[in-house]
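Trainee: So here's my_file_27.txt, just compact mmCIF, C-alpha atoms (C1' of nucleotides):
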# COMPACT_ATOMS: atom_id res chain seq x y z
CA MET A 109 -23.20 14.02 13.88
CA ASP A 110 -21.55 13.61 17.24
CA THR A 111 -19.17 10.85 18.22
CA ASN A 112 -21.66 9.11 20.42
CA ASP A 113 -24.29 8.91 17.73
CA GLU A 114 -21.76 7.52 15.30
CA MET A 115 -20.61 5.01 17.87
CA ILE A 116 -24.14 3.76 18.26
CA LYS A 117 -24.70 3.71 14.54
CA ILE A 118 -21.60 1.63 13.92
CA GLN A 119 -22.48 -0.72 16.73
CA ASN A 120 -25.92 -1.18 15.27
CA CYS A 121 -24.44 -1.96 11.88
CA MET A 122 -22.17 -4.57 13.39
CA HIS A 123 -24.97 -6.04 15.42
CA ASP A 124 -27.29 -6.20 12.42
CA ALA A 125 -24.62 -7.98 10.44
CA GLY A 126 -24.47 -10.62 13.14
CA PHE A 127 -21.20 -9.62 14.78
CA LYS A 128 -20.93 -9.69 18.51
CA LEU A 129 -20.39 -6.46 20.35
CA THR A 130 -17.35 -7.35 22.35
CA PHE A 131 -15.56 -4.99 24.65
CA GLN A 132 -12.53 -5.07 22.38
CA ARG A 133 -14.46 -4.12 19.28
CA GLN A 134 -16.10 -1.24 21.05
CA ALA A 135 -12.78 0.09 22.25
CA ILE A 136 -11.31 -0.16 18.76
CA VAL A 137 -14.25 1.66 17.19
CA LYS A 138 -13.92 4.35 19.84
CA VAL A 139 -10.27 4.87 18.99
CA LEU A 140 -11.17 5.15 15.32
CA LEU A 141 -13.83 7.74 16.06
CA ASP A 142 -11.62 9.75 18.38
CA HIS A 143 -8.85 9.87 15.80
CA HIS A 144 -10.86 9.97 12.62
CA GLN A 145 -8.65 12.60 11.07
CA GLU A 146 -5.40 10.76 11.60
CA HIS A 147 -5.41 7.67 9.39
CA LEU A 148 -4.14 5.35 12.06
CA SER A 149 -2.46 2.09 11.19
CA ALA A 150 -3.33 -1.14 12.97
CA GLU A 151 -0.27 -0.80 15.16
CA GLU A 152 -1.03 2.80 16.06
CA ILE A 153 -4.51 1.78 17.12
CA TYR A 154 -3.00 -0.99 19.19
CA ILE A 155 -0.60 1.43 20.87
CA GLU A 156 -3.44 3.86 21.56
CA LEU A 157 -5.30 1.03 23.27
CA LEU A 158 -2.25 0.21 25.37
CA LYS A 159 -2.05 3.86 26.41
CA GLN A 160 -5.62 3.59 27.60
CA SER A 161 -4.54 0.56 29.62
CA PHE A 162 -6.40 -1.91 27.51
CA SER A 163 -4.21 -4.78 26.68
CA PHE A 164 -5.40 -7.06 24.01
CA GLY A 165 -3.92 -8.72 20.99
CA LEU A 166 -2.81 -6.99 17.84
CA ALA A 167 -4.51 -9.81 15.94
CA THR A 168 -7.84 -8.68 17.34
CA VAL A 169 -7.20 -5.19 16.06
CA TYR A 170 -6.53 -6.55 12.59
CA ARG A 171 -9.58 -8.78 12.72
CA THR A 172 -11.84 -5.94 13.79
CA LEU A 173 -10.47 -3.67 11.09
CA ASP A 174 -11.13 -6.39 8.54
CA ILE A 175 -14.72 -6.68 9.65
CA LEU A 176 -15.30 -2.95 9.50
CA THR A 177 -13.66 -2.79 6.10
CA GLU A 178 -15.82 -5.61 4.82
CA MET A 179 -18.89 -3.77 6.05
CA ASN A 180 -17.75 -0.65 4.22
CA LEU A 181 -17.62 1.35 7.41
CA LEU A 182 -13.90 1.70 7.01
CA THR A 183 -11.61 2.17 4.04
CA ARG A 184 -8.10 0.86 3.81
CA VAL A 185 -5.78 3.45 2.37
CA SER A 186 -2.13 2.97 1.63
CA PHE A 187 0.24 5.85 1.33
CA GLU A 188 3.77 5.26 0.17
CA ASP A 189 5.20 3.47 3.17
CA GLY A 190 3.46 0.18 2.58
CA ILE A 191 1.58 0.26 5.86
CA ALA A 192 -2.19 -0.05 5.72
CA ARG A 193 -4.04 2.84 7.27
CA TYR A 194 -7.73 3.23 7.85
CA ASP A 195 -10.31 5.92 7.27
CA LEU A 196 -13.72 5.92 8.82
CA ARG A 197 -16.35 6.21 6.18
CA THR A 198 -19.47 7.67 7.63
CA GLU A 199 -22.07 9.01 5.25
CA ASP A 200 -21.46 12.69 5.67
CA ARG A 201 -17.74 12.31 5.30
CA ARG A 202 -17.90 10.18 2.22
CA HIS A 203 -16.88 11.97 -0.97
CA PHE A 204 -15.67 14.98 0.96
CA HIS A 205 -12.27 13.90 1.83
CA HIS A 206 -8.98 14.09 0.02
CA HIS A 207 -5.34 14.14 1.10
CA LEU A 208 -2.44 16.51 0.70
CA ILE A 209 0.92 14.90 1.41
CA CYS A 210 4.02 17.03 1.74
CA THR A 211 6.91 15.32 -0.02
CA GLN A 212 9.39 17.21 2.16
CA CYS A 213 8.20 16.74 5.73
CA GLY A 214 5.73 13.90 5.14
CA LYS A 215 2.85 15.71 6.81
CA THR A 216 -0.60 14.62 5.68
CA VAL A 217 -3.52 17.02 5.64
CA GLU A 218 -7.10 16.12 5.01
CA ILE A 219 -9.35 18.39 3.05
CA HIS A 220 -13.07 18.12 3.38
CA GLN A 221 -14.57 19.45 0.25
CA ASP A 222 -15.82 17.57 -2.73
CA LEU A 223 -13.67 18.63 -5.63
CA LEU A 224 -14.65 15.90 -8.00
CA ILE A 225 -18.35 16.15 -8.73
CA ASP A 226 -17.81 17.24 -12.31
CA VAL A 227 -14.91 14.89 -12.87
CA GLU A 228 -16.95 11.93 -11.70
CA LYS A 229 -19.75 12.73 -14.09
CA LEU A 230 -17.27 12.88 -16.92
CA VAL A 231 -15.77 9.53 -15.99
CA ALA A 232 -19.18 7.90 -15.74
CA HIS A 233 -20.18 9.06 -19.20
CA GLN A 234 -16.93 8.76 -21.04
CA TYR A 235 -15.71 5.44 -19.64
CA HIS A 236 -19.03 3.79 -18.75
CA PHE A 237 -17.77 3.38 -15.22
CA GLU A 238 -20.20 3.63 -12.32
CA VAL A 239 -18.24 5.48 -9.66
CA SER A 240 -18.96 4.57 -6.08
CA ASP A 241 -15.99 6.19 -4.42
CA HIS A 242 -12.75 7.94 -5.15
CA ARG A 243 -9.30 8.50 -3.73
CA LEU A 244 -7.53 11.70 -4.46
CA THR A 245 -4.11 12.57 -3.14
CA PHE A 246 -1.97 15.55 -3.98
CA LEU A 247 1.76 15.42 -3.50
CA GLY A 248 3.76 18.59 -3.16
CA LEU A 249 5.05 21.15 -0.71
CA CYS A 250 3.09 22.33 2.29
CA ALA A 251 3.14 26.02 3.20
CA ASP A 252 5.83 25.51 5.87
CA CYS A 253 8.18 23.68 3.58
CA GLN A 254 7.69 26.21 0.82
CA ARG A 255 8.81 28.88 3.28
CA LYS A 256 11.79 26.84 4.49
CA LYS A 257 12.81 26.13 0.94
CA ALA A 258 12.68 29.83 0.06
CA LEU A 259 14.84 30.70 3.09
CA GLY A 260 17.27 27.86 2.32
CA ASP A 261 17.75 29.04 -1.22
CA VAL A 262 18.87 32.41 0.11
CA SER A 263 21.17 31.35 2.94
CA HIS A 264 22.98 28.47 1.21
CA ARG A 265 24.35 28.25 -2.33
CA MET B 212 7.85 8.49 -28.16
CA ASP B 213 8.68 4.91 -29.05
CA THR B 214 9.89 2.27 -26.66
CA ASN B 215 13.41 2.29 -27.96
CA ASP B 216 13.81 6.03 -27.53
CA GLU B 217 12.52 5.80 -23.99
CA MET B 218 14.86 2.93 -23.27
CA ILE B 219 17.81 5.01 -24.38
CA LYS B 220 16.59 8.02 -22.45
CA ILE B 221 16.25 6.05 -19.24
CA GLN B 222 19.65 4.46 -19.73
CA ASN B 223 21.19 7.87 -20.24
CA CYS B 224 19.57 9.11 -17.05
CA MET B 225 20.96 6.18 -15.12
CA HIS B 226 24.37 6.57 -16.66
CA ASP B 227 24.45 10.30 -15.93
CA ALA B 228 23.54 9.63 -12.34
CA GLY B 229 26.56 7.33 -12.09
CA PHE B 230 24.78 3.98 -12.12
CA LYS B 231 26.25 1.15 -14.10
CA LEU B 232 24.31 -0.18 -17.04
CA THR B 233 24.21 -3.81 -16.17
CA PHE B 234 22.49 -6.44 -18.19
CA GLN B 235 20.01 -6.99 -15.36
CA ARG B 236 19.01 -3.35 -15.14
CA GLN B 237 18.47 -3.15 -18.86
CA ALA B 238 16.24 -6.20 -18.81
CA ILE B 239 14.20 -4.79 -15.93
CA VAL B 240 13.74 -1.44 -17.64
CA LYS B 241 12.67 -3.26 -20.79
CA VAL B 242 10.00 -5.16 -18.88
CA LEU B 243 8.75 -1.92 -17.39
CA LEU B 244 8.52 -0.31 -20.80
CA ASP B 245 6.83 -3.28 -22.40
CA HIS B 246 4.23 -3.40 -19.66
CA HIS B 247 3.88 0.26 -18.87
CA GLN B 248 0.12 0.08 -18.65
CA GLU B 249 0.01 -2.78 -16.19
CA HIS B 250 1.39 -1.55 -12.88
CA LEU B 251 3.56 -4.54 -12.28
CA SER B 252 4.75 -5.43 -8.82
CA ALA B 253 8.34 -6.40 -8.12
CA GLU B 254 7.41 -10.05 -8.12
CA GLU B 255 5.49 -9.80 -11.39
CA ILE B 256 8.52 -8.21 -13.01
CA TYR B 257 10.65 -11.00 -11.63
CA ILE B 258 8.29 -13.62 -13.03
CA GLU B 259 8.25 -11.88 -16.40
CA LEU B 260 12.05 -12.07 -16.42
CA LEU B 261 11.92 -15.77 -15.60
CA LYS B 262 9.55 -16.27 -18.53
CA GLN B 263 12.12 -14.64 -20.75
CA SER B 264 14.65 -17.13 -19.40
CA PHE B 265 16.57 -14.58 -17.44
CA SER B 266 17.21 -15.84 -14.01
CA PHE B 267 18.44 -13.35 -11.52
CA GLY B 268 17.62 -12.42 -7.97
CA LEU B 269 14.45 -10.80 -6.78
CA ALA B 270 16.64 -8.53 -4.65
CA THR B 271 18.13 -7.08 -7.82
CA VAL B 272 14.67 -6.27 -9.08
CA TYR B 273 13.89 -4.44 -5.86
CA ARG B 274 17.19 -2.61 -5.93
CA THR B 275 16.70 -1.51 -9.51
CA LEU B 276 13.19 -0.33 -8.80
CA ASP B 277 14.51 1.65 -5.84
CA ILE B 278 17.05 3.37 -8.03
CA LEU B 279 14.51 4.26 -10.68
CA THR B 280 12.12 5.52 -8.03
CA GLU B 281 14.83 7.64 -6.47
CA MET B 282 15.56 9.14 -9.86
CA ASN B 283 11.88 9.93 -10.32
CA LEU B 284 11.66 7.80 -13.41
CA LEU B 285 9.27 5.51 -11.62
CA THR B 286 6.50 6.03 -9.12
CA ARG B 287 5.52 3.60 -6.44
CA VAL B 288 1.79 3.24 -6.22
CA SER B 289 -0.09 1.16 -3.72
CA PHE B 290 -3.56 -0.04 -4.34
CA GLU B 291 -5.46 -1.80 -1.61
CA ASP B 292 -3.65 -5.10 -1.48
CA GLY B 293 -0.54 -3.81 0.25
CA ILE B 294 1.79 -4.74 -2.59
CA ALA B 295 3.92 -2.01 -4.10
CA ARG B 296 3.39 -1.50 -7.79
CA TYR B 297 5.26 0.73 -10.15
CA ASP B 298 4.36 3.23 -12.82
CA LEU B 299 6.80 4.54 -15.36
CA ARG B 300 6.83 8.26 -15.25
CA THR B 301 7.97 9.63 -18.55
CA GLU B 302 7.34 13.28 -19.23
CA ASP B 303 4.42 12.97 -21.56
CA ARG B 304 2.60 10.57 -19.30
CA ARG B 305 2.94 12.64 -16.15
CA HIS B 306 -0.28 14.25 -14.98
CA PHE B 307 -2.32 12.44 -17.59
CA HIS B 308 -2.89 9.27 -15.81
CA HIS B 309 -5.54 8.13 -13.37
CA HIS B 310 -6.98 4.77 -12.40
CA LEU B 311 -10.38 3.17 -12.45
CA ILE B 312 -10.64 0.08 -10.27
CA CYS B 313 -13.64 -2.19 -10.48
CA THR B 314 -14.66 -3.27 -6.99
CA GLN B 315 -16.34 -6.36 -8.41
CA CYS B 316 -13.80 -7.97 -10.71
CA GLY B 317 -10.71 -6.07 -9.60
CA LYS B 318 -9.82 -4.92 -13.08
CA THR B 319 -7.76 -1.75 -13.25
CA VAL B 320 -8.01 0.63 -16.18
CA GLU B 321 -5.79 3.59 -16.81
CA ILE B 322 -7.16 6.79 -18.20
CA HIS B 323 -4.88 9.24 -19.88
CA GLN B 324 -6.45 12.59 -19.61
CA ASP B 325 -5.77 15.34 -17.16
CA LEU B 326 -8.95 15.85 -15.23
CA LEU B 327 -7.52 17.89 -12.44
CA ILE B 328 -6.12 21.12 -13.83
CA ASP B 329 -8.79 23.25 -12.22
CA VAL B 330 -8.83 21.28 -9.01
CA GLU B 331 -5.08 21.68 -8.60
CA LYS B 332 -5.31 25.41 -8.99
CA LEU B 333 -7.97 25.54 -6.34
CA VAL B 334 -5.88 23.47 -3.93
CA ALA B 335 -2.85 25.65 -4.51
CA HIS B 336 -4.74 28.82 -3.70
CA GLN B 337 -7.02 27.65 -0.99
CA TYR B 338 -4.61 25.48 0.99
CA HIS B 339 -1.31 27.13 0.10
CA PHE B 340 -0.07 23.80 -1.12
CA GLU B 341 2.31 23.66 -4.07
CA VAL B 342 1.16 20.61 -6.00
CA SER B 343 3.82 18.61 -7.80
CA ASP B 344 1.86 15.48 -8.55
CA HIS B 345 -1.42 13.78 -7.87
CA ARG B 346 -2.96 10.36 -7.56
CA LEU B 347 -6.54 9.88 -8.50
CA THR B 348 -8.36 6.59 -8.31
CA PHE B 349 -12.01 5.91 -8.86
CA LEU B 350 -13.63 2.84 -7.37
CA GLY B 351 -16.82 1.47 -8.78
CA LEU B 352 -18.28 -0.88 -11.35
CA CYS B 353 -16.83 -1.37 -14.80
CA ALA B 354 -19.16 -1.66 -17.76
CA ASP B 355 -18.98 -5.47 -17.76
CA CYS B 356 -19.85 -5.81 -14.11
CA GLN B 357 -22.69 -3.31 -14.42
CA ARG B 358 -24.13 -5.54 -17.12
CA LYS B 359 -23.62 -8.73 -15.09
CA LYS B 360 -25.20 -7.13 -12.07
CA ALA B 361 -28.24 -6.09 -14.09
CA LEU B 362 -28.64 -9.64 -15.39
CA GLY B 363 -28.09 -11.14 -11.96
CA ASP B 364 -30.78 -8.98 -10.43
CA VAL B 365 -33.25 -10.40 -12.90
CA SER B 366 -32.34 -14.11 -12.77
CA HIS B 367 -31.87 -14.48 -9.01
CA ARG B 368 -33.92 -13.10 -6.11
C1' DC C 137 42.12 -2.51 -11.24
C1' DT C 138 38.67 -0.49 -8.47
C1' DC C 139 34.40 0.02 -6.88
C1' DT C 140 29.70 -0.86 -7.70
C1' DA C 141 26.22 -4.44 -8.57
C1' DT C 142 24.75 -9.10 -7.99
C1' DG C 143 23.04 -13.43 -5.78
C1' DC C 144 21.93 -15.84 -2.05
C1' DA C 145 20.22 -16.36 2.32
C1' DA C 146 18.99 -14.46 6.42
C1' DA C 147 16.64 -10.74 8.83
C1' DG C 148 13.04 -7.25 9.07
C1' DG C 149 8.45 -5.58 9.33
C1' DT C 150 3.51 -6.13 8.59
C1' DT C 151 -0.40 -9.03 8.38
C1' DT C 152 -2.70 -13.60 8.72
C1' DT C 153 -3.69 -18.03 10.74
C1' DG C 154 -4.25 -22.22 13.94
C1' DC C 155 -5.67 -23.58 18.13
C1' DA C 156 -7.07 -23.75 22.80
C1' DC C 157 -9.67 -20.80 25.72
C1' DT C 158 -13.22 -17.19 26.78
C1' DA C 159 -17.42 -14.80 26.76
C1' DC C 160 -21.25 -12.86 24.26
C1' DC C 161 -25.99 -13.85 22.88
C1' DG D 176 -24.69 -23.84 26.34
C1' DG D 177 -23.27 -23.16 21.72
C1' DT D 178 -20.89 -20.45 18.63
C1' DA D 179 -18.28 -16.68 17.49
C1' DG D 180 -14.40 -13.99 19.28
C1' DT D 181 -9.97 -13.68 21.67
C1' DG D 182 -4.94 -14.19 22.70
C1' DC D 183 -0.82 -16.05 21.81
C1' DA D 184 2.62 -17.73 18.98
C1' DA D 185 3.87 -19.37 14.75
C1' DA D 186 3.53 -18.79 9.86
C1' DA D 187 3.14 -16.25 5.72
C1' DC D 188 4.09 -12.52 3.14
C1' DC D 189 6.61 -8.66 0.99
C1' DT D 190 10.78 -6.13 1.25
C1' DT D 191 15.48 -5.01 2.84
C1' DT D 192 20.18 -6.11 4.16
C1' DG D 193 24.92 -8.39 4.81
C1' DC D 194 28.46 -10.48 2.72
C1' DA D 195 31.22 -12.86 -0.54
C1' DT D 196 31.65 -12.91 -5.52
C1' DA D 197 31.27 -11.12 -10.23
C1' DG D 198 31.57 -7.63 -13.64
C1' DA D 199 31.15 -2.70 -15.53
C1' DG D 200 33.81 1.41 -16.32
In structure tokens, write the structure found in this file.
Mentor:
Amino acid sequence: MDTNDEMIKIQNCMHDAGFKLTFQRQAIVKVLLDHHQEHLSAEEIYIELLKQSFSFGLATVYRTLDILTEMNLLTRVSFEDGIARYDLRTEDRRHFHHHLICTQCGKTVEIHQDLLIDVEKLVAHQYHFEVSDHRLTFLGLCADCQRKKALGDVSHR
Amino acid sequence: MDTNDEMIKIQNCMHDAGFKLTFQRQAIVKVLLDHHQEHLSAEEIYIELLKQSFSFGLATVYRTLDILTEMNLLTRVSFEDGIARYDLRTEDRRHFHHHLICTQCGKTVEIHQDLLIDVEKLVAHQYHFEVSDHRLTFLGLCADCQRKKALGDVSHR
DNA sequence: CTCTATGCAAAGGTTTTGCACTACC
DNA sequence: GGTAGTGCAAAACCTTTGCATAGAG
């Protein structure tokens, strides 16, 4: 689905839920769509808007993110730094989206592949838990840092 | 492994790393051990200490948690509320520990079963990522809320 | 006895809120 | 035109830090 279609879809959702389509909200949704792989925080979205010469309040960003989260169009994710980040949650991306975080350099990579179909079935049966979504994050070393570590082990010590 | 053994093990770790075994730190570790299934936040630990008639600073709790986290005896986990919570990370619990969060009542259940052995192998090969740990959380409806929802659908609407 | 750990309070950073003003529907 | 949304600043919240004091090794 292209960005424009998704834009319209999200706007329709908001409209149907009785929210007004303000200029600010549209700009925020656009930033989210344009950066949907990056897990922006509220402040990063705000800075992105400033770059685009929009200048409106950080509070509005938070309020819009709250609305989208409430409507289940957006998911709040927290990594280890205590800052809330946001993931767009469009149908075709749902369930196909996990994170790899490098503990060395901090880089976050998204993987788009559903690895948990079987695991979810097991959880549903064994724990009587009706799964609607999941969060899966792997911590470890990315390829770059594995290489650096191997080199470091040779040159030092 | 019983609580006392773990207590001693953790104290040895701290001692070996050159940290002093103060009364406060021992009390905090004890709270963590006694509540190891509950993912306490710093403040909840502090309140638990108050209940036990210890009265020392919240800053000390944070500092102790930082030390334990740095030593990899503890893992910081963040759920969606933006408050840092902590999981003890003793050897036999590592990798056998995921969360089920009910989106209705907010209840969190731990499951102790490694569901990800195969998935980790796949990630290692396919993405050249050396996995050292993982976080897996399922969101959905717990058995109770499934039941309530079923009843509600009948009585209302 | 030394150096680390503590307690308190103040500062820091992120998020929320109150209120007057604006603008969408 | 009425109501929901905005901006600003202040508050609230969780966490960290500075500094004088206390206590472990």
Trainee: Can you give chain B as a short mmCIF file (atom, residue, chain, number, x, y, z; two decimals) with C-alpha atoms, keeping the file's coordinate frame after you superpose it on chain A, pairing all C-alpha atoms in order for the least-squares fit?
Mentor:
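Just written: part.cif:
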data_model
loop_
_atom_site.label_atom_id
_atom_site.label_comp_id
_atom_site.auth_asym_id
_atom_site.auth_seq_id
_atom_site.Cartn_x
_atom_site.Cartn_y
_atom_site.Cartn_z
CA MET B 212 -23.12 14.08 14.06
CA ASP B 213 -21.39 13.69 17.40
CA THR B 214 -19.01 10.93 18.35
CA ASN B 215 -21.45 9.20 20.61
CA ASP B 216 -24.15 9.00 17.96
CA GLU B 217 -21.67 7.57 15.50
CA MET B 218 -20.49 5.07 18.06
CA ILE B 219 -24.03 3.85 18.55
CA LYS B 220 -24.66 3.77 14.83
CA ILE B 221 -21.58 1.68 14.16
CA GLN B 222 -22.43 -0.67 17.01
CA ASN B 223 -25.92 -1.12 15.63
CA CYS B 224 -24.49 -1.92 12.21
CA MET B 225 -22.21 -4.53 13.70
CA HIS B 226 -24.97 -5.98 15.81
CA ASP B 227 -27.35 -6.15 12.85
CA ALA B 228 -24.73 -7.94 10.82
CA GLY B 229 -24.53 -10.57 13.56
CA PHE B 230 -21.22 -9.58 15.12
CA LYS B 231 -20.86 -9.63 18.85
CA LEU B 232 -20.27 -6.38 20.65
CA THR B 233 -17.20 -7.25 22.59
CA PHE B 234 -15.36 -4.91 24.84
CA GLN B 235 -12.37 -5.02 22.50
CA ARG B 236 -14.36 -4.06 19.43
CA GLN B 237 -15.95 -1.16 21.23
CA ALA B 238 -12.58 0.14 22.34
CA ILE B 239 -11.20 -0.13 18.81
CA VAL B 240 -14.16 1.70 17.30
CA LYS B 241 -13.76 4.40 19.93
CA VAL B 242 -10.12 4.90 18.97
CA LEU B 243 -11.11 5.16 15.33
CA LEU B 244 -13.73 7.77 16.12
CA ASP B 245 -11.46 9.78 18.36
CA HIS B 246 -8.76 9.86 15.73
CA HIS B 247 -10.84 9.97 12.59
CA GLN B 248 -8.66 12.58 10.97
CA GLU B 249 -5.40 10.73 11.45
CA HIS B 250 -5.47 7.63 9.27
CA LEU B 251 -4.17 5.32 11.92
CA SER B 252 -2.54 2.04 11.02
CA ALA B 253 -3.38 -1.17 12.83
CA GLU B 254 -0.28 -0.86 14.94
CA GLU B 255 -0.98 2.76 15.85
CA ILE B 256 -4.44 1.77 17.01
CA TYR B 257 -2.90 -1.01 19.04
CA ILE B 258 -0.45 1.40 20.64
CA GLU B 259 -3.24 3.85 21.40
CA LEU B 260 -5.08 1.04 23.18
CA LEU B 261 -1.98 0.21 25.19
CA LYS B 262 -1.75 3.87 26.22
CA GLN B 263 -5.28 3.62 27.50
CA SER B 264 -4.18 0.59 29.52
CA PHE B 265 -6.10 -1.87 27.45
CA SER B 266 -3.93 -4.76 26.59
CA PHE B 267 -5.20 -7.07 23.96
CA GLY B 268 -3.80 -8.74 20.89
CA LEU B 269 -2.77 -7.03 17.72
CA ALA B 270 -4.54 -9.83 15.86
CA THR B 271 -7.83 -8.67 17.35
CA VAL B 272 -7.20 -5.19 16.04
CA TYR B 273 -6.62 -6.58 12.56
CA ARG B 274 -9.68 -8.78 12.77
CA THR B 275 -11.87 -5.92 13.89
CA LEU B 276 -10.57 -3.68 11.15
CA ASP B 277 -11.30 -6.42 8.63
CA ILE B 278 -14.87 -6.66 9.82
CA LEU B 279 -15.42 -2.93 9.65
CA THR B 280 -13.86 -2.80 6.21
CA GLU B 281 -16.06 -5.63 5.01
CA MET B 282 -19.09 -3.75 6.27
CA ASN B 283 -17.97 -0.65 4.41
CA LEU B 284 -17.75 1.36 7.58
CA LEU B 285 -14.04 1.69 7.08
CA THR B 286 -11.82 2.12 4.07
CA ARG B 287 -8.32 0.81 3.75
CA VAL B 288 -6.03 3.38 2.26
CA SER B 289 -2.40 2.89 1.43
CA PHE B 290 -0.02 5.74 1.12
CA GLU B 291 3.49 5.14 -0.08
CA ASP B 292 4.98 3.38 2.89
CA GLY B 293 3.25 0.07 2.34
CA ILE B 294 1.39 0.14 5.64
CA ALA B 295 -2.38 -0.14 5.56
CA ARG B 296 -4.18 2.76 7.13
CA TYR B 297 -7.85 3.18 7.78
CA ASP B 298 -10.41 5.88 7.23
CA LEU B 299 -13.80 5.91 8.86
CA ARG B 300 -16.43 6.20 6.25
CA THR B 301 -19.54 7.69 7.72
CA GLU B 302 -22.15 8.99 5.34
CA ASP B 303 -21.49 12.66 5.65
CA ARG B 304 -17.78 12.25 5.20
CA ARG B 305 -17.98 10.12 2.08
CA HIS B 306 -16.92 11.88 -1.10
CA PHE B 307 -15.78 14.94 0.79
CA HIS B 308 -12.38 13.85 1.69
CA HIS B 309 -9.05 14.06 -0.09
CA HIS B 310 -5.44 14.13 1.03
CA LEU B 311 -2.55 16.51 0.69
CA ILE B 312 0.81 14.93 1.44
CA CYS B 313 3.90 17.06 1.83
CA THR B 314 6.82 15.37 0.09
CA GLN B 315 9.26 17.24 2.32
CA CYS B 316 8.03 16.74 5.87
CA GLY B 317 5.58 13.91 5.25
CA LYS B 318 2.67 15.69 6.87
CA THR B 319 -0.75 14.61 5.68
CA VAL B 320 -3.69 16.99 5.64
CA GLU B 321 -7.26 16.07 4.93
CA ILE B 322 -9.49 18.34 2.95
CA HIS B 323 -13.21 18.03 3.22
CA GLN B 324 -14.68 19.35 0.08
CA ASP B 325 -15.87 17.49 -2.95
CA LEU B 326 -13.69 18.61 -5.79
CA LEU B 327 -14.61 15.90 -8.21
CA ILE B 328 -18.30 16.12 -9.02
CA ASP B 329 -17.70 17.24 -12.57
CA VAL B 330 -14.77 14.93 -13.11
CA GLU B 331 -16.81 11.92 -12.00
CA LYS B 332 -19.55 12.74 -14.44
CA LEU B 333 -17.04 12.95 -17.22
CA VAL B 334 -15.52 9.58 -16.30
CA ALA B 335 -18.92 7.96 -16.16
CA HIS B 336 -19.84 9.14 -19.63
CA GLN B 337 -16.56 8.89 -21.39
CA TYR B 338 -15.34 5.57 -20.01
CA HIS B 339 -18.65 3.90 -19.20
CA PHE B 340 -17.46 3.46 -15.66
CA GLU B 341 -19.97 3.65 -12.82
CA VAL B 342 -18.07 5.48 -10.09
CA SER B 343 -18.85 4.51 -6.52
CA ASP B 344 -15.93 6.13 -4.77
CA HIS B 345 -12.70 7.93 -5.41
CA ARG B 346 -9.30 8.51 -3.90
CA LEU B 347 -7.53 11.73 -4.57
CA THR B 348 -4.14 12.61 -3.20
CA PHE B 349 -2.01 15.60 -3.99
CA LEU B 350 1.72 15.49 -3.44
CA GLY B 351 3.71 18.64 -3.06
CA LEU B 352 4.96 21.20 -0.57
CA CYS B 353 2.96 22.38 2.41
CA ALA B 354 3.00 26.04 3.33
CA ASP B 355 5.65 25.52 6.03
CA CYS B 356 8.04 23.69 3.76
CA GLN B 357 7.57 26.25 0.99
CA ARG B 358 8.67 28.88 3.48
CA LYS B 359 11.63 26.83 4.71
CA LYS B 360 12.70 26.14 1.17
CA ALA B 361 12.60 29.84 0.32
CA LEU B 362 14.75 30.64 3.34
CA GLY B 363 17.13 27.79 2.61
CA ASP B 364 17.69 28.98 -0.93
CA VAL B 365 18.84 32.31 0.43
CA SER B 366 21.10 31.17 3.30
CA HIS B 367 22.86 28.28 1.56
CA ARG B 368 24.28 28.00 -1.96
#
Trainee: What separation in Å, quoted to one decimal, exists between CA of Phe237 (chain A) and CA of His308 (chain B)?
Mentor: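 A separation of 16.0 Å between them.
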Trainee: Can you list, as a list in words, every protein, DNA or RNA residue that comes within 10 Å of DT191 (chain D) when you count only C-alpha atoms (C1' of nucleotides), leaving out same-chain residues fewer than 2 positions away?
Mentor: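 Here the answer would be Ala270, Tyr273 and Arg274 of chain B; DA147, DG148 and DG149 of chain C; DC189 of chain D.
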Trainee: Please list as number ranges by chain every residue within 10 Å of region 176-185 of chain D, counting all atoms listed in the file and excluding residues in the same chain fewer than 6 positions away.
Mentor: A: 126-130, 132-133, 164-168, 171; C: 153-161
Trainee: Any idea which chain A residues end up within 7 Å of chain B if we count only C-alpha atoms, as a ChimeraX atom specification please?
Mentor: /A:184-188,190,192,223,227,236-251
Trainee: Any chance you can output those residues with C-alpha atoms as a short mmCIF file (atom, residue, chain, number, x, y, z; two decimals), in the frame of the given file?
Mentor:
data_model
loop_
_atom_site.label_atom_id
_atom_site.label_comp_id
_atom_site.auth_asym_id
_atom_site.auth_seq_id
_atom_site.Cartn_x
_atom_site.Cartn_y
_atom_site.Cartn_z
CA ARG A 184 -8.10 0.86 3.81
CA VAL A 185 -5.78 3.45 2.37
CA SER A 186 -2.13 2.97 1.63
CA PHE A 187 0.24 5.85 1.33
CA GLU A 188 3.77 5.26 0.17
CA GLY A 190 3.46 0.18 2.58
CA ALA A 192 -2.19 -0.05 5.72
CA LEU A 223 -13.67 18.63 -5.63
CA VAL A 227 -14.91 14.89 -12.87
CA HIS A 236 -19.03 3.79 -18.75
CA PHE A 237 -17.77 3.38 -15.22
CA GLU A 238 -20.20 3.63 -12.32
CA VAL A 239 -18.24 5.48 -9.66
CA SER A 240 -18.96 4.57 -6.08
CA ASP A 241 -15.99 6.19 -4.42
CA HIS A 242 -12.75 7.94 -5.15
CA ARG A 243 -9.30 8.50 -3.73
CA LEU A 244 -7.53 11.70 -4.46
CA THR A 245 -4.11 12.57 -3.14
CA PHE A 246 -1.97 15.55 -3.98
CA LEU A 247 1.76 15.42 -3.50
CA GLY A 248 3.76 18.59 -3.16
CA LEU A 249 5.05 21.15 -0.71
CA CYS A 250 3.09 22.33 2.29
CA ALA A 251 3.14 26.02 3.20
#
Trainee: Considering all atoms listed in the file, state which residue in the set B:Ala253, B:Arg296, B:Lys241, B:Phe234 is at the smallest distance from DA141 (chain C).
Mentor: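 For DA141 (chain C), the nearest of the candidates is B:Phe234.
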